[in-house]
Amino acid sequence: MAKYSYAPLSVDKKDDTTTTTSNNNNDDFVQERMPMCVGICVLLAIVFVLSKSGSDVTNTIRANTTPTPSPRMISSNANSYATILPATTYNTAATTTTTNNAAYATTPPLPETTAYNTQQYNNNNNNNAAFATHNPIPETTGAAGYATQNPIPEAKTNNNNDVYHPITSPEQPNYMTTTTPDCDCSNTNVNNDADLLAALREKALAATTPHIIECSAAERGESQAACHLPPKERYAALQQKGATLWMTGCSGAGKTTIATSLEERLVKEYGKHVYRLDGDNLRTGLNRDLGFSSADRAESVRRTGELATLFSDAGVITLVGLISPYRADRDAVRQRHLDQGIPFYEVFLDVPVDELKKRDPKGQYAKVESGELKHFTCIDDPYEEPLTPEVTLKTHELTIEQSANILFRTLERDGILIGAPKVSPPGLPNPDGDEIVDLHVPPELQAERRAEAATLPKVLLTDIDLNWLQTIGEGWASPLKGFMREGTLLETLHFNSILVDPFNLTKNAGRLERATNFEVFPDHPPPQRVSMSLPITLSCSSYTKDAIESSSQNAVALVTQMGQTVAILRNPEIYANRKEEIVTRMYGVIDPGHPYIQNIYKGGDYLIGGEVELLDRIRYNDGLDPWRKTARELMAEFSAKGADTVYAFQTRNPTHAGHAYLMRSAGEDLRSQGYQKPVLWLSPLGGWTKDDDVPLDVRVRQHEQVLEAGLSHPGGLDPATTVMAIWPAPMVYAGPTEVQFHAKSRRSAGASYFVVGRDPAGMKGSSEAQASPDDDLYDGNHGRYVLQNSPGIGNMQMLSFVKVMYDVTDNVMKVPDDKRPDDFISISGTKMRLLARNGATPCSPTNIPTDLVQANCIPSGFMVPKGWEGVVDYYKHSAETERFIPWSRPILPAPKHERTKTDGGHFGSTSFRLQHLDYPSFWHDVPMKPTFSNPALNEPTMINLITEIPRMVTAKMEVSKERSHNIIAQDTNKDGSPRYYTYGTPFFNYGLIAQTWEDPNVKSRAGHAGDNDPLDVIELGSSVLEMGSVTPCRVLGSLELIDEGETDHKVLCLSVNDVRFGDDVRTVSDLERVYPNTLARLVDWLQRYKTSDGKPENRLDSTTPKSVEDTLRIIDETHQRWRALCGHDGSTLSSLHPSALTFWLDSPNCRG
């Protein structure tokens, strides 16, 4: 049942004191009594009308009684607005008077464009109610009601396509009678019916209450928006916003032509809902009762403005083409839009009258000149130019396409062409999902989050994982807010896109952040598809999986290889890592030697999905961090440069003059499309790249020189219109699949255009590639083709490379001229690299040889000089791997003890060295046992632990037996690369006991020889011990690991400084009682930590730890073997294992 509601003109707050119950009772009473009240009101109105019948004096307006000599014309074309003949008069002879003065108010006068014989109504006007019943005249269509019985003569056109209606002169004069209106018109200058109608209309509009409420959902004083679909949801569903473009200007300025061009583009090319309002569809319907008096023109503008407001509120882009000569009328329409919160653009077509006279497409200006037309707007009728129009089009200086482009760019800039709220700066696109993703924890919450992270299970991040975390957290992979859950991964693999519902239109908001459910499906799929072509996943081992599943907390801490806790992942979802499916779907080729495919297969057997919070900015401390910007920061920088569009150019090589030519040409093309200030984003790849790619720092430093050179060199770029920023994601070399992500992620930071060349994201297959060994894995043309047609790419545009060559006549790279082919030489990437390796110097500008390699010179215009010097330096020293920064990997200070010093490379590099300041040798000079000033503390179970690998660090650091001073150094793999644990994040500190040696000549009862190292120690406390620190530690027991046939004892101990456990923990059993499951986790680690590197499991002699007493006996035995090694028992080196000859034993406490 319908509910009734009302709003009084004013509400007295002091009377609003009734209780809620009383309000409800009143509301029920209103609903019950309202129909009866309405009926009574109607009856009273009828009684009032009948009581007035015959009592009022009527006024009869006598018309011209002479016959009209000829037909007359009133133009109904919106671009004419010229009065050709005087206003229409009506034949009203022989007419009886109307007997009800209310009749005039309910039956508007006839429109100027039509004359009617009213004689037939003589017998119908005695009863006002009957007249209203049989001859209703809708308010918006003038005298349309009369047309039922008195059809308007057929419309005709003259040679100028002006529409007019002929009026045949009656044989005798008639009368048109009107009644005195209820208003007092004594002060109104009523010259004719049109003026009277205008006066009445103005009076009626002034009296109209603005307090009408259409539904009970709108409570007192609230907006009627409560009764309608919220604009945010409507626009999101329509994928556009409503807006009105009010195109004003003199006749012939091009309003209809430009509006038609824009409408066609928006509808056909972009699928937008657009409607054009002008004289063609207004004067024949809504406004056909209006003439061209100032009052009627004002009413025409008002009605059209109201209609445009409704259309735009409904989400339609409304194009209005009216001369609308009066500024006040246009301003009123603008205010109406502003009041409704609807975008309004006043578009002034500013064309000199002389130019309009030259155009004169309908010959109207010629008629004005000849005196045939009078009161022609902009000639002898006024036109008031806009004072502050949103857009001014000087169409005499622009083509139709350029004018339409300007309007299109305006709508695009302000986000009208998207349904979502504009979250990016003007001119820049919204990211996918219509949200700028920034997952950094606010500074005021960082301490709290770090404290929480310390209590959570730990998940290891490799350096590649860290690149992906940065990509997610800084907003490059929007709308992702974490590592992919299983459902998101499946959509990515099968569709190269994902479905989202950012505004909850189908009740699917936040679906990417919910656990995957294969049993429950939504009633309606999410409405929006966005590009997502690459799997962004985080793998883990069973060790990590078990730790998460055994935890009572619904979050994990993400920890780097260097032990940094960088993020929290919420609501983890663990699922199988189906590596083969991922690889085949992602690459579409078979190449086991592909470097990133190898990386996928090295990952753990499980994947973890969940949303992340970055505890701080990810910094790499490699000198390049100033060039690393978040998506939000980049948008701000583009905006600061005044960008109205951004085009991105991705680099993984040094930039030469050919690249610069393409980038500058792209900017010129965009300016020709109507953009005022396109900004170039020079975007070097920053994440992981394969070993033979040009290192990141070499590329960035070369790009710096390109910007410094500016436009003074053909290979330079204008820093005023260029922004350089490193793109953080790893390179995965997946060809057509990957390039889609390259483009999409640039859009997330504000780019609308992406420059794409041949074979983007491709590479040559390895020798193991099945179809293309040592040849391109993908066809060079496929990437661009797939990118342009990929799902979810939206309106992002691609700018393709063209072939450029070096012009020897002016030393500039450009598109070759077919008329003079001998003037152009090709400099391929292969040739450039060869010349750089050979240290080529600049050629003579006036004598460039044909064979550059033989001459060993590089043309001076090929690359900025200082940039070329950096490239040459790299290729000369490319074998010195630690000299360069190949890709974004964190460089952190070593977590070392204050009484140590570093030497060589940075922490984690193969040249890293750590030496103790108090002891010449970690191995030989640090005492095996601590000595306390309090004798009571000198327990026999105490040993000194030298920490090599602090808790949570996976860099495999160890005391070097062979190097001078037995420093702590980075262990390496067989290929010479740094070695890291990959099984998970260690929950223990790892080190050694000084002055011990597991002699290979000594075999265990099972026949296993010692592993030729000092005794290893695992400290199971809760604190992180610094590298190189010497810590008193209480022995709890030990485990005997059989590692590749050798005995490797692992002594278990607890730091005496660990306040978490105190003196009550003296055995492993005690530790299990306080901290359950510690032993099981440790056993799992020791047995399986090498499996993540493709190696077999280790074996333990027993999973039950040896007793404290047995462990102390092992410590003593290995100490005696160390004494023999150092000759303290008189042993010679020749009597020991041959490996002893390679050890550094020159310490004062050994053989020094």
# chains A, B, ... in the order shown; residues from 1 in each chain; ligands from 1

$ residues_around --residues "Leu1125 (chain A)" --least-positions-apart "5" --cutoff "10 Å" --atoms "only C-alpha atoms" --output "PDB file with all heavy atoms, in the first residue's frame"
ATOM      1  N   GLN A 995      87.054 -23.276  19.665  1.00  0.00           N
ATOM      2  CA  GLN A 995      88.027 -24.244  20.171  1.00  0.00           C
ATOM      3  C   GLN A 995      87.474 -25.668  20.170  1.00  0.00           C
ATOM      4  O   GLN A 995      87.735 -26.463  21.067  1.00  0.00           O
ATOM      5  CB  GLN A 995      88.507 -23.844  21.579  1.00  0.00           C
ATOM      6  CG  GLN A 995      89.165 -22.470  21.613  1.00  0.00           C
ATOM      7  CD  GLN A 995      89.679 -22.077  22.981  1.00  0.00           C
ATOM      8  OE1 GLN A 995      89.688 -22.884  23.907  1.00  0.00           O
ATOM      9  NE2 GLN A 995      90.124 -20.827  23.112  1.00  0.00           N
ATOM     10  N   THR A 996      86.650 -25.957  19.128  1.00  0.00           N
ATOM     11  CA  THR A 996      86.186 -27.335  18.907  1.00  0.00           C
ATOM     12  C   THR A 996      86.387 -27.671  17.438  1.00  0.00           C
ATOM     13  O   THR A 996      86.452 -26.787  16.587  1.00  0.00           O
ATOM     14  CB  THR A 996      84.692 -27.495  19.253  1.00  0.00           C
ATOM     15  OG1 THR A 996      83.910 -26.635  18.423  1.00  0.00           O
ATOM     16  CG2 THR A 996      84.416 -27.170  20.717  1.00  0.00           C
ATOM     17  N   TRP A 997      86.508 -28.978  17.155  1.00  0.00           N
ATOM     18  CA  TRP A 997      86.718 -29.425  15.763  1.00  0.00           C
ATOM     19  C   TRP A 997      86.198 -30.844  15.631  1.00  0.00           C
ATOM     20  O   TRP A 997      86.618 -31.738  16.365  1.00  0.00           O
ATOM     21  CB  TRP A 997      88.199 -29.367  15.405  1.00  0.00           C
ATOM     22  CG  TRP A 997      88.506 -29.800  13.989  1.00  0.00           C
ATOM     23  CD1 TRP A 997      87.819 -29.507  12.872  1.00  0.00           C
ATOM     24  CD2 TRP A 997      89.627 -30.609  13.584  1.00  0.00           C
ATOM     25  NE1 TRP A 997      88.414 -30.059  11.769  1.00  0.00           N
ATOM     26  CE2 TRP A 997      89.540 -30.743  12.169  1.00  0.00           C
ATOM     27  CE3 TRP A 997      90.695 -31.215  14.261  1.00  0.00           C
ATOM     28  CZ2 TRP A 997      90.474 -31.479  11.427  1.00  0.00           C
ATOM     29  CZ3 TRP A 997      91.635 -31.929  13.517  1.00  0.00           C
ATOM     30  CH2 TRP A 997      91.504 -32.058  12.110  1.00  0.00           C
ATOM     31  N   ASP A 999      86.665 -33.665  13.872  1.00  0.00           N
ATOM     32  CA  ASP A 999      87.764 -34.218  13.059  1.00  0.00           C
ATOM     33  C   ASP A 999      87.243 -35.308  12.115  1.00  0.00           C
ATOM     34  O   ASP A 999      86.614 -36.273  12.558  1.00  0.00           O
ATOM     35  CB  ASP A 999      88.813 -34.803  13.996  1.00  0.00           C
ATOM     36  CG  ASP A 999      90.084 -35.204  13.286  1.00  0.00           C
ATOM     37  OD1 ASP A 999      90.072 -35.254  12.032  1.00  0.00           O
ATOM     38  OD2 ASP A 999      91.081 -35.459  13.978  1.00  0.00           O
ATOM     39  N   HIS A1119      86.798 -30.595  21.637  1.00  0.00           N
ATOM     40  CA  HIS A1119      87.786 -29.635  22.117  1.00  0.00           C
ATOM     41  C   HIS A1119      89.185 -30.256  22.094  1.00  0.00           C
ATOM     42  O   HIS A1119      90.161 -29.581  21.711  1.00  0.00           O
ATOM     43  CB  HIS A1119      87.430 -29.185  23.538  1.00  0.00           C
ATOM     44  CG  HIS A1119      88.446 -28.254  24.141  1.00  0.00           C
ATOM     45  ND1 HIS A1119      88.719 -27.003  23.629  1.00  0.00           N
ATOM     46  CD2 HIS A1119      89.270 -28.417  25.243  1.00  0.00           C
ATOM     47  CE1 HIS A1119      89.658 -26.422  24.351  1.00  0.00           C
ATOM     48  NE2 HIS A1119      90.011 -27.264  25.352  1.00  0.00           N
ATOM     49  N   GLN A1120      89.277 -31.516  22.460  1.00  0.00           N
ATOM     50  CA  GLN A1120      90.575 -32.187  22.430  1.00  0.00           C
ATOM     51  C   GLN A1120      91.091 -32.299  21.001  1.00  0.00           C
ATOM     52  O   GLN A1120      92.302 -32.178  20.764  1.00  0.00           O
ATOM     53  CB  GLN A1120      90.465 -33.571  23.090  1.00  0.00           C
ATOM     54  CG  GLN A1120      90.098 -33.548  24.558  1.00  0.00           C
ATOM     55  CD  GLN A1120      91.038 -32.681  25.376  1.00  0.00           C
ATOM     56  OE1 GLN A1120      92.270 -32.710  25.175  1.00  0.00           O
ATOM     57  NE2 GLN A1120      90.474 -31.891  26.297  1.00  0.00           N
ATOM     58  N   GLY A1130     101.095 -31.489  21.038  1.00  0.00           N
ATOM     59  CA  GLY A1130     102.304 -31.901  20.325  1.00  0.00           C
ATOM     60  C   GLY A1130     102.040 -32.485  18.954  1.00  0.00           C
ATOM     61  O   GLY A1130     102.990 -32.883  18.268  1.00  0.00           O
ATOM     62  N   SER A1131     100.796 -32.545  18.502  1.00  0.00           N
ATOM     63  CA  SER A1131     100.505 -33.130  17.194  1.00  0.00           C
ATOM     64  C   SER A1131     101.032 -32.225  16.087  1.00  0.00           C
ATOM     65  O   SER A1131     101.035 -30.993  16.193  1.00  0.00           O
ATOM     66  CB  SER A1131      98.997 -33.321  17.018  1.00  0.00           C
ATOM     67  OG  SER A1131      98.487 -34.198  17.993  1.00  0.00           O
ATOM     68  N   THR A1132     101.479 -32.849  15.034  1.00  0.00           N
ATOM     69  CA  THR A1132     101.913 -32.109  13.847  1.00  0.00           C
ATOM     70  C   THR A1132     100.777 -32.082  12.836  1.00  0.00           C
ATOM     71  O   THR A1132      99.905 -32.957  12.824  1.00  0.00           O
ATOM     72  CB  THR A1132     103.141 -32.756  13.211  1.00  0.00           C
ATOM     73  OG1 THR A1132     102.809 -34.077  12.777  1.00  0.00           O
ATOM     74  CG2 THR A1132     104.304 -32.811  14.212  1.00  0.00           C
ATOM     75  N   LEU A1133     100.832 -31.099  11.952  1.00  0.00           N
ATOM     76  CA  LEU A1133      99.782 -30.998  10.953  1.00  0.00           C
ATOM     77  C   LEU A1133      99.782 -32.196  10.030  1.00  0.00           C
ATOM     78  O   LEU A1133      98.726 -32.643   9.566  1.00  0.00           O
ATOM     79  CB  LEU A1133      99.959 -29.713  10.130  1.00  0.00           C
ATOM     80  CG  LEU A1133      99.553 -28.409  10.814  1.00  0.00           C
ATOM     81  CD1 LEU A1133      99.887 -27.222   9.925  1.00  0.00           C
ATOM     82  CD2 LEU A1133      98.072 -28.411  11.125  1.00  0.00           C
ATOM     83  N   SER A1135     100.205 -35.136  10.739  1.00  0.00           N
ATOM     84  CA  SER A1135      99.577 -36.305  11.353  1.00  0.00           C
ATOM     85  C   SER A1135      98.059 -36.198  11.369  1.00  0.00           C
ATOM     86  O   SER A1135      97.374 -37.143  11.756  1.00  0.00           O
ATOM     87  CB  SER A1135     100.084 -36.483  12.782  1.00  0.00           C
ATOM     88  OG  SER A1135      99.686 -35.397  13.603  1.00  0.00           O
ATOM     89  N   LEU A1136      97.572 -35.052  10.966  1.00  0.00           N
ATOM     90  CA  LEU A1136      96.133 -34.810  11.005  1.00  0.00           C
ATOM     91  C   LEU A1136      95.521 -35.005   9.622  1.00  0.00           C
ATOM     92  O   LEU A1136      96.205 -35.342   8.661  1.00  0.00           O
ATOM     93  CB  LEU A1136      95.867 -33.388  11.498  1.00  0.00           C
ATOM     94  CG  LEU A1136      96.436 -33.045  12.884  1.00  0.00           C
ATOM     95  CD1 LEU A1136      96.225 -31.582  13.187  1.00  0.00           C
ATOM     96  CD2 LEU A1136      95.790 -33.918  13.967  1.00  0.00           C
ATOM     97  N   HIS A1137      94.234 -34.763   9.559  1.00  0.00           N
ATOM     98  CA  HIS A1137      93.535 -34.877   8.282  1.00  0.00           C
ATOM     99  C   HIS A1137      94.128 -33.878   7.289  1.00  0.00           C
ATOM    100  O   HIS A1137      94.455 -32.743   7.656  1.00  0.00           O
ATOM    101  CB  HIS A1137      92.041 -34.610   8.488  1.00  0.00           C
ATOM    102  CG  HIS A1137      91.193 -34.948   7.303  1.00  0.00           C
ATOM    103  ND1 HIS A1137      90.921 -34.038   6.308  1.00  0.00           N
ATOM    104  CD2 HIS A1137      90.572 -36.107   6.944  1.00  0.00           C
ATOM    105  CE1 HIS A1137      90.148 -34.584   5.386  1.00  0.00           C
ATOM    106  NE2 HIS A1137      89.922 -35.862   5.744  1.00  0.00           N
ATOM    107  N   ALA A1140      93.505 -30.082   7.153  1.00  0.00           N
ATOM    108  CA  ALA A1140      94.039 -29.166   8.161  1.00  0.00           C
ATOM    109  C   ALA A1140      95.104 -28.255   7.566  1.00  0.00           C
ATOM    110  O   ALA A1140      95.325 -27.140   8.063  1.00  0.00           O
ATOM    111  CB  ALA A1140      94.603 -29.938   9.341  1.00  0.00           C
ATOM    112  N   LEU A1141      95.763 -28.699   6.494  1.00  0.00           N
ATOM    113  CA  LEU A1141      96.791 -27.887   5.877  1.00  0.00           C
ATOM    114  C   LEU A1141      96.221 -26.630   5.223  1.00  0.00           C
ATOM    115  O   LEU A1141      96.948 -25.676   4.959  1.00  0.00           O
ATOM    116  CB  LEU A1141      97.537 -28.716   4.827  1.00  0.00           C
ATOM    117  CG  LEU A1141      98.319 -29.920   5.377  1.00  0.00           C
ATOM    118  CD1 LEU A1141      98.880 -30.764   4.235  1.00  0.00           C
ATOM    119  CD2 LEU A1141      99.460 -29.449   6.280  1.00  0.00           C
ATOM    120  N   PHE A1143      93.761 -24.797   6.602  1.00  0.00           N
ATOM    121  CA  PHE A1143      93.160 -23.936   7.611  1.00  0.00           C
ATOM    122  C   PHE A1143      94.108 -22.796   7.989  1.00  0.00           C
ATOM    123  O   PHE A1143      95.333 -22.937   7.918  1.00  0.00           O
ATOM    124  CB  PHE A1143      92.821 -24.723   8.878  1.00  0.00           C
ATOM    125  CG  PHE A1143      91.802 -25.820   8.677  1.00  0.00           C
ATOM    126  CD1 PHE A1143      91.697 -26.857   9.606  1.00  0.00           C
ATOM    127  CD2 PHE A1143      90.950 -25.829   7.590  1.00  0.00           C
ATOM    128  CE1 PHE A1143      90.761 -27.863   9.444  1.00  0.00           C
ATOM    129  CE2 PHE A1143      90.022 -26.830   7.422  1.00  0.00           C
ATOM    130  CZ  PHE A1143      89.924 -27.866   8.344  1.00  0.00           C
ATOM    131  N   LEU A1145      95.665 -21.117  10.862  1.00  0.00           N
ATOM    132  CA  LEU A1145      95.931 -21.512  12.247  1.00  0.00           C
ATOM    133  C   LEU A1145      96.945 -20.591  12.912  1.00  0.00           C
ATOM    134  O   LEU A1145      97.521 -20.939  13.951  1.00  0.00           O
ATOM    135  CB  LEU A1145      96.449 -22.948  12.280  1.00  0.00           C
ATOM    136  CG  LEU A1145      95.567 -24.011  11.622  1.00  0.00           C
ATOM    137  CD1 LEU A1145      96.281 -25.364  11.597  1.00  0.00           C
ATOM    138  CD2 LEU A1145      94.237 -24.132  12.345  1.00  0.00           C
ATOM    139  N   CYS A1150      96.627 -20.573  18.710  1.00  0.00           N
ATOM    140  CA  CYS A1150      96.701 -21.826  17.955  1.00  0.00           C
ATOM    141  C   CYS A1150      98.159 -22.073  17.588  1.00  0.00           C
ATOM    142  O   CYS A1150      98.981 -22.305  18.457  1.00  0.00           O
ATOM    143  CB  CYS A1150      95.786 -21.759  16.735  1.00  0.00           C
ATOM    144  SG  CYS A1150      95.511 -23.354  15.917  1.00  0.00           S
ATOM    145  N   ARG A1151      98.512 -21.956  16.321  1.00  0.00           N
ATOM    146  CA  ARG A1151      99.897 -22.201  15.922  1.00  0.00           C
ATOM    147  C   ARG A1151     100.631 -20.910  15.553  1.00  0.00           C
ATOM    148  O   ARG A1151     101.698 -20.957  14.950  1.00  0.00           O
ATOM    149  CB  ARG A1151      99.927 -23.164  14.730  1.00  0.00           C
ATOM    150  CG  ARG A1151      99.449 -24.579  15.086  1.00  0.00           C
ATOM    151  CD  ARG A1151      99.535 -25.519  13.899  1.00  0.00           C
ATOM    152  NE  ARG A1151      99.073 -26.865  14.223  1.00  0.00           N
ATOM    153  CZ  ARG A1151      99.874 -27.848  14.650  1.00  0.00           C
ATOM    154  NH1 ARG A1151     101.176 -27.642  14.807  1.00  0.00           N
ATOM    155  NH2 ARG A1151      99.378 -29.026  14.926  1.00  0.00           N
TER     156      ARG A1151
END

$ closest_atom_pairs --of "region 859-924 of chain A" --to "region 809-820 of chain A" --cutoff "10 Å" --atoms "only C-alpha atoms" --output "CSV"
residue,atom,partner,partner_atom,distance
A:Pro859,CA,A:Asn811,CA,7.2
A:Ser860,CA,A:Asn811,CA,7.0
A:Gly861,CA,A:Asn811,CA,5.1
A:Phe862,CA,A:Met813,CA,7.1
A:Met863,CA,A:Met813,CA,9.9

$ write_last_selection --atoms "N, CA and C atoms" --output "JSON list (two decimals), in the first residue's frame"
[["chain", "number", "residue", "atom", "x", "y", "z"],
["A", 859, "PRO", "N", 78.45, 7.11, -33.47],
["A", 859, "PRO", "CA", 78.02, 8.45, -33.93],
["A", 859, "PRO", "C", 77.67, 9.34, -32.74],
["A", 860, "SER", "N", 78.07, 10.58, -32.83],
["A", 860, "SER", "CA", 77.93, 11.50, -31.69],
["A", 860, "SER", "C", 76.48, 11.74, -31.30],
["A", 861, "GLY", "N", 75.56, 11.60, -32.25],
["A", 861, "GLY", "CA", 74.16, 11.84, -31.93],
["A", 861, "GLY", "C", 73.42, 10.61, -31.48],
["A", 862, "PHE", "N", 74.10, 9.50, -31.32],
["A", 862, "PHE", "CA", 73.42, 8.25, -30.96],
["A", 862, "PHE", "C", 73.01, 8.21, -29.50],
["A", 863, "MET", "N", 73.85, 8.74, -28.61],
["A", 863, "MET", "CA", 73.57, 8.71, -27.17],
["A", 863, "MET", "C", 74.25, 9.89, -26.52]]

$ closest_residue --among "A:Thr881, A:Gln470, A:Thr655, A:Gln553" --to "Asp616 (chain A)" --atoms "only C-alpha atoms"
A:Gln470

$ closest_residue --among "A:Ala734, A:Val926, A:Leu200, A:Leu398" --to "Ile258 (chain A)" --atoms "only C-alpha atoms"
A:Leu398

$ residues_around --residues "Ser639 (chain A)" --least-positions-apart "3" --cutoff "9 Å" --atoms "only C-alpha atoms" --output "list in words"
Pro425, Pro426, Gly427, Leu428, Leu634, Met635, Ala636, Gly642, Ala643 and Asp644 of chain A

$ select_by_dssp --residues "region 955-1055 of chain A" --states "strand (DSSP E)" --output "PyMOL selection string"
chain A and resi 957-959+968-970+989-993+1009-1010+1016-1019+1030-1043+1046-1055

$ residues_around --residues "region 903-909 of chain A" --least-positions-apart "6" --cutoff "7 Å" --atoms "only C-alpha atoms" --output "count of residues only"
7

$ residues_around --residues "region 864-878 of chain A" --least-positions-apart "5" --cutoff "6 Å" --atoms "only C-alpha atoms" --output "JSON, numbers by chain"
{"A": [702, 705, 715, 836, 837, 839]}

$ select_by_dssp --residues "region 721-797 of chain A" --states "helix (DSSP H, G or I)" --output "JSON, numbers by chain"
{"A": [721, 736, 737, 738, 739, 740, 741, 742, 743, 744, 745, 746, 747, 782, 783, 784, 785, 786, 787, 788]}

$ atom_distance --atom1 "CA of Leu480 (chain A)" --atom2 "CA of Asp434 (chain A)"
11.6 Å

$ residues_around --residues "Asp622 (chain A)" --least-positions-apart "5" --cutoff "12 Å" --atoms "only C-alpha atoms" --output "list of chain:residue names"
A:Trp627, A:Arg628, A:Gly686, A:Leu696, A:Asp697, A:Val700, A:Arg883, A:Phe884, A:Ile885, A:Pro886, A:Trp887, A:Ser888, A:Arg889, A:Pro890, A:Ile891, A:Leu892, A:Pro893, A:His906

$ write_last_selection --atoms "N, CA, C and O atoms" --output "tab-separated table (two decimals), in the first residue's frame"
chain	number	residue	atom	x	y	z
A	627	TRP	N	64.59	7.46	-6.77
A	627	TRP	CA	63.86	7.21	-8.01
A	627	TRP	C	62.74	6.21	-7.82
A	627	TRP	O	62.05	5.88	-8.78
A	628	ARG	N	62.57	5.72	-6.59
A	628	ARG	CA	61.48	4.78	-6.31
A	628	ARG	C	60.33	5.56	-5.67
A	628	ARG	O	60.47	6.12	-4.59
A	686	GLY	N	62.72	-2.25	-12.39
A	686	GLY	CA	63.51	-2.24	-11.17
A	686	GLY	C	63.61	-3.56	-10.46
A	686	GLY	O	64.55	-3.80	-9.70
A	696	LEU	N	70.43	-2.49	-13.15
A	696	LEU	CA	69.53	-1.39	-12.86
A	696	LEU	C	70.28	-0.07	-12.67
A	696	LEU	O	69.88	0.96	-13.22
A	697	ASP	N	71.36	-0.08	-11.90
A	697	ASP	CA	72.04	1.19	-11.64
A	697	ASP	C	72.68	1.77	-12.90
A	697	ASP	O	72.73	2.99	-13.07
A	700	VAL	N	69.75	3.43	-14.77
A	700	VAL	CA	69.25	4.64	-14.11
A	700	VAL	C	70.26	5.77	-14.23
A	700	VAL	O	69.89	6.92	-14.53
A	883	ARG	N	80.20	-5.01	-8.49
A	883	ARG	CA	80.41	-3.60	-8.77
A	883	ARG	C	79.09	-2.90	-9.13
A	883	ARG	O	78.97	-1.69	-9.00
A	884	PHE	N	78.12	-3.67	-9.59
A	884	PHE	CA	76.88	-3.11	-10.10
A	884	PHE	C	75.69	-3.63	-9.29
A	884	PHE	O	75.80	-4.60	-8.55
A	885	ILE	N	74.56	-2.96	-9.50
A	885	ILE	CA	73.31	-3.36	-8.83
A	885	ILE	C	72.40	-3.92	-9.92
A	885	ILE	O	71.78	-3.17	-10.66
A	886	PRO	N	72.34	-5.23	-10.03
A	886	PRO	CA	71.57	-5.81	-11.15
A	886	PRO	C	70.08	-5.52	-11.06
A	886	PRO	O	69.43	-5.31	-12.08
A	887	TRP	N	69.52	-5.52	-9.86
A	887	TRP	CA	68.10	-5.27	-9.66
A	887	TRP	C	67.87	-4.91	-8.21
A	887	TRP	O	68.80	-4.87	-7.42
A	888	SER	N	66.65	-4.64	-7.85
A	888	SER	CA	66.35	-4.13	-6.51
A	888	SER	C	66.45	-5.24	-5.47
A	888	SER	O	65.55	-6.08	-5.34
A	889	ARG	N	67.51	-5.21	-4.74
A	889	ARG	CA	67.73	-6.13	-3.62
A	889	ARG	C	68.18	-5.29	-2.43
A	889	ARG	O	69.03	-4.41	-2.57
A	890	PRO	N	67.66	-5.56	-1.25
A	890	PRO	CA	67.98	-4.70	-0.11
A	890	PRO	C	69.45	-4.80	0.29
A	890	PRO	O	70.02	-5.90	0.36
A	891	ILE	N	70.04	-3.67	0.50
A	891	ILE	CA	71.40	-3.59	1.04
A	891	ILE	C	71.27	-3.05	2.46
A	891	ILE	O	70.92	-1.88	2.66
A	892	LEU	N	71.54	-3.91	3.41
A	892	LEU	CA	71.31	-3.56	4.81
A	892	LEU	C	72.60	-3.66	5.60
A	892	LEU	O	73.49	-4.47	5.28
A	893	PRO	N	72.71	-2.87	6.63
A	893	PRO	CA	73.87	-3.05	7.52
A	893	PRO	C	73.79	-4.40	8.21
A	893	PRO	O	72.70	-4.88	8.54
A	906	HIS	N	78.96	-5.49	0.99
A	906	HIS	CA	77.85	-5.31	1.92
A	906	HIS	C	77.36	-6.67	2.44
A	906	HIS	O	77.66	-7.72	1.89

$ atom_distance --atom1 "CA of Pro1076 (chain A)" --atom2 "CA of Ile568 (chain A)"
24.0 Å

$ residues_around --residues "Ile418 (chain A)" --least-positions-apart "5" --cutoff "8 Å" --atoms "only C-alpha atoms" --output "list in words"
Tyr235, Ala236, Gln239, Gln240 and Lys241 of chain A
